[in-house]
Amino acid sequence: MNISYDWYKIFYEVAKTKNITDASKNLYVSQPAVSQIIKQLEEKLKVELFIRTQKGVGLTKEGEILYNYISAAIEKIRIGEKKLEEQINLDSGEIRIGSSDMCLKYYLLPYLEEFQGKYPKIKINITNCPTPETIKLLEEDKIDFGLISQPFKIEKRFFCY
């Protein structure tokens with residue numbers, strides 16, 4: 001079955017609020033449109049999802065089964081969106097750095113301290129190793145960036161400064 005995520009989102013909101021009008025307000029969609037989508041979803045699934053009453057709607061047994069899965073999926077999507085937003089805003093995440101002792105001590109450390117002051121929720125993972133190992137870690141995607149101090153050969157896909 002190829003059913004629109006939007007239909008499931010509408011189903012979820014109606015089931016959560018137990019009211020088509022309230023769901024339509026929360027979704028910024030007209031009440032007739034919500035009713036029509038619920039009807040189309042029921043037709044597509046070949047099952048009645050809601051019991052209509054004067055006070056609103058309730059889930060049928062089939063509706064409860066679907067709601068358990070849909071609510072879990074929608075909540076996971078919302079968590080994923082939140083985690084992504086946190087990373088974009090530098091409120092969470094991790095930076096993996098490769099560096100030699102000398103580069104770390106004399107060049108990188110002051111910058112790391114400043115960065116950590118500005119973004120305390122970002123985890124910094126430092127791998128201390130010589131230049132050839134740092135380059136290998138970059139090539140294997142085990143670090144995000146490396147700080148090296150010797151002459152070296154490195155693939156063109158890496159930015160060198």
# chains A, B, ... in the order shown; residues from 1 in each chain; ligands from 1
$ closest_atom_pairs --of "stretch 72-127 of chain A" --to "stretch 8-30 of chain A" --cutoff "12 Å" --atoms "only C-alpha atoms" --output "tab-separated table"
residue	atom	partner	partner_atom	distance
A:Ala72	CA	A:Tyr12	CA	10.1
A:Ala73	CA	A:Tyr8	CA	9.9
A:Ile74	CA	A:Lys9	CA	7.5
A:Glu75	CA	A:Tyr12	CA	10.4
A:Ile77	CA	A:Lys9	CA	11.1
A:Arg78	CA	A:Lys9	CA	11.6
$ write_last_selection --atoms "N, CA and C atoms" --output "PDB file, in the first residue's frame"
ATOM      1  N   ALA A  72       3.914   5.606  17.352  1.00  0.00           N
ATOM      2  CA  ALA A  72       5.335   5.329  17.593  1.00  0.00           C
ATOM      3  C   ALA A  72       6.189   5.894  16.462  1.00  0.00           C
ATOM      4  N   ALA A  73       5.733   5.717  15.221  1.00  0.00           N
ATOM      5  CA  ALA A  73       6.490   6.219  14.067  1.00  0.00           C
ATOM      6  C   ALA A  73       6.555   7.735  14.066  1.00  0.00           C
ATOM      7  N   ILE A  74       5.440   8.404  14.315  1.00  0.00           N
ATOM      8  CA  ILE A  74       5.417   9.868  14.307  1.00  0.00           C
ATOM      9  C   ILE A  74       6.281  10.422  15.437  1.00  0.00           C
ATOM     10  N   GLU A  75       6.225   9.806  16.601  1.00  0.00           N
ATOM     11  CA  GLU A  75       7.074  10.268  17.706  1.00  0.00           C
ATOM     12  C   GLU A  75       8.550  10.085  17.374  1.00  0.00           C
ATOM     13  N   ILE A  77       9.856  10.170  14.367  1.00  0.00           N
ATOM     14  CA  ILE A  77      10.163  11.217  13.387  1.00  0.00           C
ATOM     15  C   ILE A  77      10.389  12.544  14.104  1.00  0.00           C
ATOM     16  N   ARG A  78       9.530  12.875  15.054  1.00  0.00           N
ATOM     17  CA  ARG A  78       9.672  14.131  15.799  1.00  0.00           C
ATOM     18  C   ARG A  78      10.966  14.158  16.602  1.00  0.00           C
TER      19      ARG A  78
END
$ residues_around --residues "stretch 98-108 of chain A" --least-positions-apart "6" --cutoff "6 Å" --atoms "only C-alpha atoms" --output "list in words"
Ile126, Thr127, Asn128, Cys129, Pro130, Thr134, Gly146 and Leu147 of chain A
$ write_last_selection --atoms "C-alpha atoms" --output "mmCIF file, in the first residue's frame"
data_model
loop_
_atom_site.group_PDB
_atom_site.id
_atom_site.type_symbol
_atom_site.label_atom_id
_atom_site.label_comp_id
_atom_site.auth_asym_id
_atom_site.auth_seq_id
_atom_site.Cartn_x
_atom_site.Cartn_y
_atom_site.Cartn_z
ATOM 1 C CA ILE A 126 40.619 13.470 20.212
ATOM 2 C CA THR A 127 42.820 10.714 18.834
ATOM 3 C CA ASN A 128 46.487 11.375 19.461
ATOM 4 C CA CYS A 129 48.643 9.884 16.710
ATOM 5 C CA PRO A 130 51.439 10.712 14.237
ATOM 6 C CA THR A 134 46.011 10.668 11.259
ATOM 7 C CA GLY A 146 43.085 15.944 11.399
ATOM 8 C CA LEU A 147 45.805 18.365 12.343
#
$ select_by_dssp --residues "stretch 86-143 of chain A" --states "strand (DSSP E or B)" --output "VMD selection string"
chain A and resid 94 to 99 123 to 128
$ atom_distance --atom1 "atom CA of A:Lys61" --atom2 "atom CA of A:Ile3"
20.2 Å
$ closest_residue --among "A:Leu90, A:Gln54, A:Gln31, A:Ile70" --to "A:Tyr5" --atoms "only C-alpha atoms"
A:Ile70
$ atom_distance --atom1 "atom CA of A:Lys44" --atom2 "atom CA of A:Glu64"
16.9 Å
$ residues_around --residues "A:Ile95" --least-positions-apart "4" --cutoff "12 Å" --atoms "only C-alpha atoms" --output "ChimeraX atom specification"
/A:87,90,112,115-116,119,121-127,142-146
$ closest_residue --among "A:Ile38, A:Tyr69, A:Asn2, A:Glu114" --to "A:Val57" --atoms "only C-alpha atoms"
A:Ile38
$ select_by_dssp --residues "chain A" --states "alpha helix (DSSP H)" --output "ChimeraX atom specification"
/A:5-17,20-27,31-45,61-88,101-103,109-118,131-139
$ atom_distance --atom1 "atom CA of A:Glu48" --atom2 "atom CA of A:Thr60"
7.0 Å
